[in-house]
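Here is target_21.txt, consisting of compact mmCIF, C-alpha atoms:
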# COMPACT_ATOMS: atom_id res chain seq x y z
CA MET Q 7 15.12 35.15 -0.61
CA SER Q 8 13.47 32.32 1.21
CA GLN Q 9 9.96 32.69 2.53
CA GLN Q 10 9.60 32.86 6.30
CA ILE Q 11 8.09 29.73 7.77
CA ASN Q 12 5.90 29.69 10.83
CA CYS Q 13 5.62 26.64 13.01
CA PRO Q 14 2.07 25.30 12.57
CA VAL Q 15 2.13 24.12 16.18
CA CYS Q 16 3.28 27.14 18.20
CA GLY Q 17 3.60 29.88 15.60
CA SER Q 18 7.31 30.41 16.17
CA THR Q 19 9.54 31.47 13.30
CA ASP Q 20 12.58 29.77 14.77
CA ILE Q 21 12.52 26.91 12.27
CA SER Q 22 15.48 24.90 11.08
CA SER Q 23 15.59 22.55 8.11
CA SER Q 24 17.46 19.37 7.45
CA GLU Q 25 17.59 16.71 4.77
CA TYR Q 26 17.41 12.95 5.05
CA ASN Q 27 17.31 10.07 2.63
CA GLU Q 28 14.48 7.62 2.26
CA LEU Q 29 14.16 4.57 0.07
CA VAL Q 30 11.03 4.48 -2.05
CA SER Q 31 10.16 1.07 -3.44
CA GLU Q 32 7.59 -0.10 -5.93
CA SER Q 33 6.80 -3.74 -6.60
CA TYR Q 34 8.28 -4.78 -9.95
CA GLY Q 35 9.48 -1.21 -10.45
CA GLY Q 36 12.56 -1.24 -8.27
CA SER Q 37 13.48 1.29 -5.65
CA ARG Q 38 15.12 4.67 -5.49
CA GLU Q 39 16.68 6.65 -2.71
CA ILE Q 40 15.34 10.17 -2.55
CA GLY Q 41 16.29 13.20 -0.50
CA LEU Q 42 13.49 14.58 1.64
CA PHE Q 43 13.24 17.68 3.79
CA GLN Q 44 12.31 18.01 7.42
CA ASN Q 45 11.62 21.16 9.37
CA PHE Q 46 12.12 21.44 13.09
CA CYS Q 47 10.70 24.07 15.37
CA ASN Q 48 13.38 25.06 17.84
CA SER Q 49 10.77 26.55 20.17
CA CYS Q 50 8.31 23.66 20.63
CA GLU Q 51 10.65 20.96 19.30
CA THR Q 52 8.15 19.64 16.79
CA PRO Q 53 9.42 18.09 13.55
CA GLY Q 54 7.46 17.93 10.32
CA ASP Q 55 7.34 18.92 6.67
CA PHE Q 56 6.00 22.40 7.30
CA GLU Q 57 6.88 23.65 3.82
CA ASN Q 58 5.09 20.81 2.00
CA ARG Q 59 8.15 20.06 -0.06
CA ASN Q 60 8.16 16.29 0.16
CA ASP Q 61 4.84 15.31 -1.40
CA GLU Q 62 5.82 16.34 -4.91
CA ILE Q 63 9.17 14.59 -4.70
CA ILE Q 64 7.61 11.38 -3.40
CA GLN Q 65 4.73 11.40 -5.88
CA SER Q 66 6.96 11.97 -8.90
CA THR Q 67 9.30 9.18 -7.77
CA ILE Q 68 6.41 6.78 -7.26
CA ASP Q 69 4.98 7.68 -10.67
CA GLU Q 70 8.36 7.01 -12.24
CA LEU Q 71 8.74 3.65 -10.51
CA LYS Q 72 5.19 2.65 -11.40
CA ALA Q 73 5.93 3.42 -15.05
CA LYS Q 74 8.99 1.21 -14.78
CA ALA Q 75 6.92 -1.54 -13.16
CA VAL Q 76 4.45 -1.48 -16.04
CA VAL Q 77 7.22 -1.83 -18.60
CA HIS Q 78 8.97 -4.56 -16.60
CA ILE Q 79 5.79 -6.58 -16.12
CA LEU Q 80 4.73 -6.40 -19.75
CA ASN Q 81 8.26 -7.17 -20.89
CA ASP Q 82 8.23 -10.26 -18.67
CA PHE Q 83 5.10 -11.48 -20.40
CA VAL Q 84 6.30 -10.63 -23.90
CA GLU Q 85 9.75 -12.17 -23.37
CA ASN Q 86 8.07 -15.37 -22.27
CA GLY Q 87 5.99 -15.63 -25.39
CA PHE Q 88 2.77 -14.16 -24.18
CA SER Q 89 0.91 -12.19 -26.78
CA LEU Q 90 -0.39 -8.86 -25.60
CA SER Q 91 -3.33 -9.25 -27.94
CA ALA Q 92 -4.24 -12.57 -26.35
CA MET Q 93 -3.93 -11.09 -22.88
CA GLU Q 94 -6.10 -8.14 -23.89
CA ARG Q 95 -8.67 -10.56 -25.24
CA ALA Q 96 -8.64 -12.70 -22.11
CA LEU Q 97 -8.91 -9.66 -19.86
CA GLU Q 98 -11.57 -8.13 -22.10
CA LEU Q 99 -9.52 -4.99 -22.60
CA PRO Q 100 -9.70 -3.04 -25.87
CA GLN Q 101 -7.00 -4.18 -28.27
CA ARG Q 102 -3.72 -2.24 -28.03
CA THR Q 103 -4.47 -1.23 -24.42
CA LEU Q 104 -1.50 -3.12 -23.01
CA ALA Q 105 0.73 -1.96 -25.85
CA LYS Q 106 -0.16 1.64 -25.08
CA TRP Q 107 0.57 1.07 -21.40
CA LYS Q 108 3.88 -0.49 -22.34
CA ASN Q 109 4.85 2.40 -24.60
CA THR Q 110 3.73 5.23 -22.37
CA GLY Q 111 4.28 3.46 -19.04
CA LYS Q 112 1.31 5.38 -17.73
CA PRO Q 113 -1.81 3.31 -17.27
CA SER Q 114 -4.41 4.27 -14.71
CA ALA Q 115 -3.88 3.27 -11.08
CA ALA Q 116 -6.36 0.44 -11.62
CA GLY Q 117 -4.34 -0.69 -14.64
CA VAL Q 118 -1.15 -0.86 -12.61
CA SER Q 119 -2.93 -2.95 -9.97
CA LEU Q 120 -4.27 -5.30 -12.64
CA LEU Q 121 -0.79 -5.78 -14.10
CA LYS Q 122 0.69 -6.50 -10.70
CA PHE Q 123 -2.00 -9.08 -9.99
CA ILE Q 124 -1.44 -10.96 -13.23
CA ARG Q 125 2.35 -10.77 -12.83
CA CYS Q 126 2.17 -12.06 -9.28
CA PHE Q 127 -0.44 -14.68 -10.13
CA PRO Q 128 -0.25 -15.33 -13.87
CA TRP Q 129 -2.85 -18.07 -13.55
CA LEU Q 130 -5.38 -15.25 -13.09
CA LEU Q 131 -5.20 -14.95 -16.87
CA ASP Q 132 -6.65 -18.44 -17.03
CA VAL Q 133 -9.33 -17.41 -14.60
CA ALA Q 134 -10.13 -14.46 -16.87
CA GLU Q 135 -10.08 -16.79 -19.86
CA HIS Q 136 -12.80 -18.77 -18.10
CA LYS Q 137 -14.89 -15.62 -17.69
CA PHE Q 138 -14.16 -15.53 -13.97
CA GLU Q 139 -16.53 -18.44 -13.53
CA PHE Q 140 -16.24 -19.38 -9.88
CA GLN Q 141 -15.87 -23.16 -10.19
CA SER Q 142 -13.22 -22.90 -12.90
CA ALA Q 143 -11.39 -20.31 -10.88
CA GLN Q 144 -11.36 -22.62 -7.90
CA LYS Q 145 -10.05 -25.49 -9.99
CA ILE Q 146 -7.27 -23.36 -11.41
CA PHE Q 147 -6.37 -22.11 -7.99
CA VAL Q 148 -6.34 -25.58 -6.44
CA SER Q 149 -4.36 -27.01 -9.34
CA THR Q 150 -1.77 -24.29 -8.96
CA ALA Q 151 -1.54 -25.07 -5.28
CA TYR Q 152 -1.24 -28.78 -6.13
CA TYR Q 153 1.76 -28.14 -8.34
CA PHE Q 154 3.29 -25.97 -5.68
CA ILE Q 155 3.08 -28.86 -3.21
CA ALA Q 156 4.03 -31.51 -5.78
CA ASN Q 157 7.22 -29.59 -6.54
CA ASN Q 158 8.45 -29.65 -2.98
CA SER Q 159 6.71 -26.36 -2.29
CA THR Q 160 8.98 -24.57 -4.72
CA TYR Q 161 7.23 -21.76 -6.44
CA ILE Q 162 6.91 -22.29 -10.16
CA ASP Q 163 6.82 -19.05 -12.00
CA PRO Q 164 4.90 -19.57 -15.22
CA LEU Q 165 6.76 -16.58 -16.60
CA LYS Q 166 9.92 -18.53 -17.15
CA ASN Q 167 12.98 -16.75 -18.42
CA LYS Q 168 13.18 -17.20 -22.13
CA THR Q 169 16.79 -18.27 -21.90
CA GLU Q 170 15.88 -21.00 -19.45
CA SER Q 171 12.86 -22.23 -21.30
CA GLN Q 172 13.45 -24.25 -24.44
CA SER Q 173 9.80 -25.05 -24.81
CA SER Q 174 8.11 -23.56 -27.83
CA SER Q 175 4.78 -23.38 -26.05
CA PRO Q 176 5.07 -21.83 -22.62
CA SER Q 177 1.63 -22.88 -21.55
CA MET Q 178 0.17 -22.88 -18.11
CA THR Q 179 -0.89 -26.40 -17.33
CA TYR Q 180 -3.38 -27.55 -14.77
CA THR Q 181 -4.75 -30.93 -13.76
CA PHE Q 182 -8.38 -31.09 -12.83
CA ASN Q 183 -9.36 -34.26 -11.01
CA ASN Q 184 -13.02 -33.69 -11.31
CA ASN Q 185 -15.52 -35.82 -13.22
CA SER Q 186 -14.48 -35.80 -16.84
CA ILE Q 187 -11.43 -33.55 -16.89
CA THR Q 188 -8.24 -35.14 -15.71
CA ASN Q 189 -5.54 -33.02 -17.27
CA MET Q 190 -5.74 -29.73 -19.00
CA THR Q 191 -3.41 -27.26 -20.59
CA ILE Q 192 -4.50 -23.74 -21.21
CA ASN Q 193 -2.45 -22.07 -23.86
CA LEU Q 194 -2.78 -18.33 -24.01
CA HIS Q 195 -0.36 -18.04 -26.88
CA SER Q 196 -2.43 -19.64 -29.56
CA SER Q 197 -5.99 -19.51 -30.71
CA ALA Q 198 -6.65 -22.92 -29.20
CA SER Q 199 -7.23 -22.20 -25.57
CA ASN Q 200 -7.77 -25.73 -24.29
CA ILE Q 201 -5.60 -28.69 -25.16
CA LEU Q 202 -6.04 -31.99 -23.39
CA LEU Q 203 -2.84 -33.72 -22.39
CA SER Q 204 -2.17 -36.97 -20.69
CA GLU Q 205 0.70 -35.69 -18.55
CA PRO Q 206 1.13 -32.47 -16.69
CA THR Q 207 3.72 -30.40 -18.51
CA ILE Q 208 4.96 -28.29 -15.65
CA ASN Q 209 7.54 -30.50 -14.10
CA ARG Q 210 10.42 -28.14 -13.60
CA THR Q 211 11.22 -26.32 -10.43
CA LEU Q 212 11.99 -22.73 -11.06
CA GLU Q 213 12.65 -20.08 -8.51
CA LEU Q 214 10.76 -16.86 -8.81
CA THR Q 215 13.33 -14.69 -10.46
CA CYS Q 216 11.77 -11.28 -10.10
CA ASP Q 217 14.27 -9.22 -8.23
CA ARG Q 218 13.08 -5.86 -9.36
CA MET Z 14 -12.93 17.28 28.23
CA ALA Z 15 -12.30 13.62 27.64
CA ASP Z 16 -15.96 13.10 26.71
CA ASP Z 17 -15.49 15.60 23.87
CA HIS Z 18 -13.90 12.97 21.69
CA ALA Z 19 -16.92 12.44 19.42
CA ARG Z 20 -16.99 16.11 18.44
CA VAL Z 21 -13.22 16.19 18.01
CA ILE Z 22 -12.98 13.25 15.64
CA LYS Z 23 -16.03 14.38 13.68
CA GLU Z 24 -14.62 17.85 13.18
CA PHE Z 25 -11.17 16.48 12.41
CA ILE Z 26 -12.51 14.18 9.67
CA ALA Z 27 -14.52 17.06 8.25
CA ALA Z 28 -11.42 19.27 8.28
CA CYS Z 29 -9.45 16.63 6.34
CA GLY Z 30 -12.04 16.88 3.57
CA ASN Z 31 -12.98 20.56 3.68
CA THR Z 32 -9.95 22.45 4.96
CA PRO Z 33 -6.95 20.13 4.55
CA GLU Z 34 -4.61 23.13 4.73
CA LYS Z 35 -5.57 23.38 8.38
CA VAL Z 36 -4.51 19.81 9.16
CA ILE Z 37 -0.79 19.46 9.87
CA PRO Z 38 0.91 16.07 10.13
CA ILE Z 39 3.80 16.25 12.59
CA TYR Z 40 6.49 13.85 13.76
CA ASN Z 41 6.65 10.69 11.63
CA VAL Z 42 3.01 10.60 10.56
CA LEU Z 43 3.65 10.79 6.83
CA ARG Z 44 6.48 8.29 6.93
CA ASP Z 45 4.37 5.88 8.99
CA ALA Z 46 1.48 6.28 6.58
CA ARG Z 47 3.81 5.39 3.70
CA THR Z 48 5.44 2.51 5.51
CA HIS Z 49 2.45 0.85 7.10
CA TYR Z 50 -0.50 1.76 4.93
CA LYS Z 51 0.95 2.57 1.49
CA ILE Z 52 -0.48 6.09 1.71
CA SER Z 53 2.21 8.06 -0.08
CA THR Z 54 1.36 11.72 0.30
CA LYS Z 55 -0.31 14.13 2.65
CA ALA Z 56 -3.14 14.73 0.20
CA ALA Z 57 -3.73 10.98 -0.13
CA LEU Z 58 -3.79 10.61 3.64
CA PHE Z 59 -6.36 13.36 4.07
CA GLU Z 60 -8.52 11.95 1.29
CA PHE Z 61 -8.33 8.54 2.92
CA ILE Z 62 -9.47 9.92 6.28
CA ALA Z 63 -12.16 12.17 4.78
CA ASN Z 64 -13.62 9.34 2.73
CA GLY Z 65 -14.32 7.04 5.65
CA GLY Z 66 -11.01 5.19 5.63
CA LEU Z 67 -10.94 4.91 9.39
CA GLU Z 68 -13.25 1.96 10.01
CA GLN Z 69 -14.46 0.74 13.37
CA LEU Z 70 -13.18 3.92 14.93
CA SER Z 71 -13.12 3.72 18.71
CA PHE Z 72 -11.98 6.22 21.28
CA TYR Z 73 -8.81 5.18 23.09
CA HIS Z 74 -7.83 7.95 25.45
CA CYS Z 75 -7.43 11.66 25.93
CA LYS Z 76 -4.70 13.34 27.88
CA PRO Z 77 -2.59 16.47 27.88
CA TRP Z 78 0.16 16.52 25.27
CA GLU Z 79 3.49 15.68 26.85
CA LYS Z 80 5.19 18.25 24.62
CA ASN Z 81 2.87 21.07 25.53
CA PHE Z 82 4.69 24.31 24.85
CA THR Z 83 2.45 26.43 27.02
CA GLN Z 84 0.88 25.66 30.35
CA GLN Z 85 -1.75 28.35 29.99
CA ARG Z 86 -3.84 26.51 27.45
CA PRO Z 87 -2.46 22.97 27.38
CA LEU Z 88 -3.35 21.04 24.27
CA LEU Z 89 -5.04 17.65 24.55
CA VAL Z 90 -4.15 14.57 22.56
CA TYR Z 91 -7.18 12.52 21.50
CA SER Z 92 -6.28 9.05 20.36
CA PHE Z 93 -8.42 6.51 18.59
CA LYS Z 94 -8.05 3.01 17.27
CA PHE Z 95 -9.34 2.03 13.88
CA LYS Z 96 -9.19 -0.66 11.24
CA THR Z 97 -8.63 -0.36 7.53
CA LEU Z 98 -9.54 -3.57 5.74
CA HIS Z 99 -7.70 -6.06 7.97
CA LEU Z 100 -5.07 -3.72 9.34
CA PRO Z 101 -5.46 -2.22 12.78
CA GLY Z 102 -4.41 1.37 13.32
CA TYR Z 103 -3.89 4.07 15.89
CA ILE Z 104 -4.45 7.76 15.27
CA ALA Z 105 -3.74 10.63 17.63
CA ILE Z 106 -4.90 14.16 16.94
CA ILE Z 107 -4.60 17.50 18.68
CA GLU Z 108 -7.02 20.35 18.33
CA ASN Z 109 -4.63 23.27 18.29
CA THR Z 110 -6.78 25.99 19.81
CA ILE Z 111 -3.83 28.39 19.89
CA ILE Z 112 -3.11 28.51 16.16
CA GLY Z 113 -6.52 27.29 15.06
CA ASN Z 114 -5.57 24.14 13.21
CA TRP Z 115 -5.43 20.37 13.70
CA LEU Z 116 -2.25 18.48 14.41
CA LEU Z 117 -2.09 14.89 13.26
CA LYS Z 118 0.35 13.49 15.76
CA SER Z 119 0.30 9.71 15.15
CA PHE Z 120 -0.89 7.40 12.42
CA HIS Z 121 0.50 3.92 12.74
CA PRO Z 122 -0.38 0.37 13.83
CA PRO Z 123 -1.25 0.15 17.50
CA THR Z 124 1.90 -0.71 19.40
CA LYS Z 125 -0.07 -2.65 21.97
CA GLY Z 126 -1.79 -4.93 19.48
CA ASN Z 127 -5.38 -6.07 19.59
CA ASN Z 128 -5.12 -8.53 22.43
CA PRO Z 129 -5.17 -6.72 25.74
CA THR Z 130 -2.31 -7.56 27.99
CA LEU Z 131 -2.01 -7.11 31.72
CA ALA Z 132 -0.18 -3.88 30.98
CA ASP Z 133 -3.20 -2.66 29.00
CA LYS Z 134 -5.62 -3.66 31.74
CA PHE Z 135 -3.69 -1.99 34.52
CA PRO Z 136 -2.11 1.05 32.91
CA ASN Z 137 -2.19 3.08 36.10
CA LEU Z 138 0.18 0.66 37.75
CA ILE Z 139 2.91 1.06 35.17
CA GLY Z 140 2.09 4.42 33.63
CA HIS Z 141 0.72 5.01 30.14
CA SER Z 142 3.23 5.74 27.43
CA GLU Z 143 2.30 8.27 24.79
CA GLU Z 144 2.17 6.56 21.39

Please lay out the structure from this file as structure tokens.
Amino acid sequence: MSQQINCPVCGSTDISSSEYNELVSESYGGSREIGLFQNFCNSCETPGDFENRNDEIIQSTIDELKAKAVVHILNDFVENGFSLSAMERALELPQRTLAKWKNTGKPSAAGVSLLKFIRCFPWLLDVAEHKFEFQSAQKIFVSTAYYFIANNSTYIDPLKNKTESQSSSPSMTYTFNNNSITNMTINLHSSASNILLSEPTINRTLELTCDR
Amino acid sequence: MADDHARVIKEFIAACGNTPEKVIPIYNVLRDARTHYKISTKAALFEFIANGGLEQLSFYHCKPWEKNFTQQRPLLVYSFKFKTLHLPGYIAIIENTIIGNWLLKSFHPPTKGNNPTLADKFPNLIGHSEE
């Protein structure tokens, strides 16, 4: 037997219910269509979720999609040769933190935000590697922008698909035209973090292939 | 009662924190909060409001609710504009003196934008739509 609902606006009990679908999306986690409920007061003609049924459905869907996003993001890094240990070191996270997130899919809300930032802007790992020192961060940022412009404004995703990339060292490479440093490659996949090169190594134009 | 807006918004914000069960989002408030501000649930919306989320809050207008269901004690809609980080917003609330709760009627970006137009400056000439 269903509980009688009162309209929170006018107090009437003449309430009808209907269902509608809504698409819930989560960056890097995909999207899912869920069925939500809506009440309607036939007396004062006010719609709303008077029974509080939707919050739980929405929250559980978002949690599920966030868990998927975490797994997708970390898989992207791993499949492209990034070591979780190296990332944990660069981000000053306790070792195995990312692995736990990947296995459980349930980091904190702050953890999910961090993962989205580094997936969207992988060069932030270089910034972290440089201890978030402002001048280095600016150089990395400007260099990234330089390559964006130099490649006909085509976004270069450092997280290249493994099948596309034949390179054994998927490094992020930046050119600093400042005083002594002319070209620089920062390799997060080996113990050597800085390798000087004479030529910039990112010369391919890759579309951002994240369609999740 | 249009000059009562300071009390109304103060009590509404306090209600969001202290007695959220007495704050009822109606119409598309929750969907707009999800769509425009990434606030997913009712609880999250109330926490946002109670914790000072409505920045640069300014009174917009007060007028009788167009959907008033009784003419004996017509309810008033108090609307305010706010900012959250860089996003502008519009919130409209009703103090439901009949049931004894708060109705959150609107929570979305201001439809008129930040730059006043001639229509904003001379609303009496064209009539004021209820957001």

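The nearest approach to Ser22 of chain Q among the residues Q:Gly35, Q:Asp132, Q:Gln44, Q:Gln9, with only C-alpha atoms taken into account, belongs to Q:Gln44.
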
Pull out every residue of chain Z that has at least one atom within 7 Å of chain Q, counting only C-alpha atoms, and report them as a VMD selection string. chain Z and resid 38 to 40 54 to 55 82 112

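Counting all atoms listed in the file, the residue from Q:Leu71, Q:Leu97, Q:Leu104, Q:Ile40 that sits nearest to Pro128 of chain Q is Q:Leu97.
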
Excluding same-chain residues fewer than 5 positions from Gln69 of chain Z, what lies within 8 Å of it counting all atoms listed in the file, as a CSV table (one decimal) with C-alpha atoms, keeping the file's coordinate frame?
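Contents of part26.csv, freshly written:
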chain,number,residue,atom,x,y,z
Z,94,LYS,CA,-8.0,3.0,17.3
Z,95,PHE,CA,-9.3,2.0,13.9
Z,96,LYS,CA,-9.2,-0.7,11.2

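Between atom CA of Lys74 of chain Q and atom CA of Thr48 of chain Z lies a distance of 20.6 Å.
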
One-decimal distance in Å that lies between atom CA of Ser92 of chain Z and atom CA of His74 of chain Z: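 Calculated distance between atom CA of His74 of chain Z and atom CA of Ser92 of chain Z is 5.4 Å.
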
Within-12 Å shell of (-10.0, 8.0, 5.2) in input frame, all atoms listed in the file, as a ChimeraX atom specification | /Z:25-30,46,50,52,55-70,95-98,102,104,120

Residues near Ser114 of chain Q, anyone? I mean within 12 Å using all atoms listed in the file, not counting same-chain ones fewer than 3 positions away, as a PyMOL selection string. chain Q and resi 69+72-73+76+103-104+106-107+110-111+117-121

One decimal place gives the atom CA of Leu131 of chain Q-atom CA of Thr67 of chain Q separation as 29.6 Å

* Asked: How would you write as JSON, numbers by chain the residues that get within 8 Å of (-4.6, 20.4, 15.7) in the file's frame, counting all atoms listed in the file?
  -> {"Q": [15], "Z": [35, 36, 37, 106, 107, 108, 109, 110, 113, 114, 115, 116, 117]}
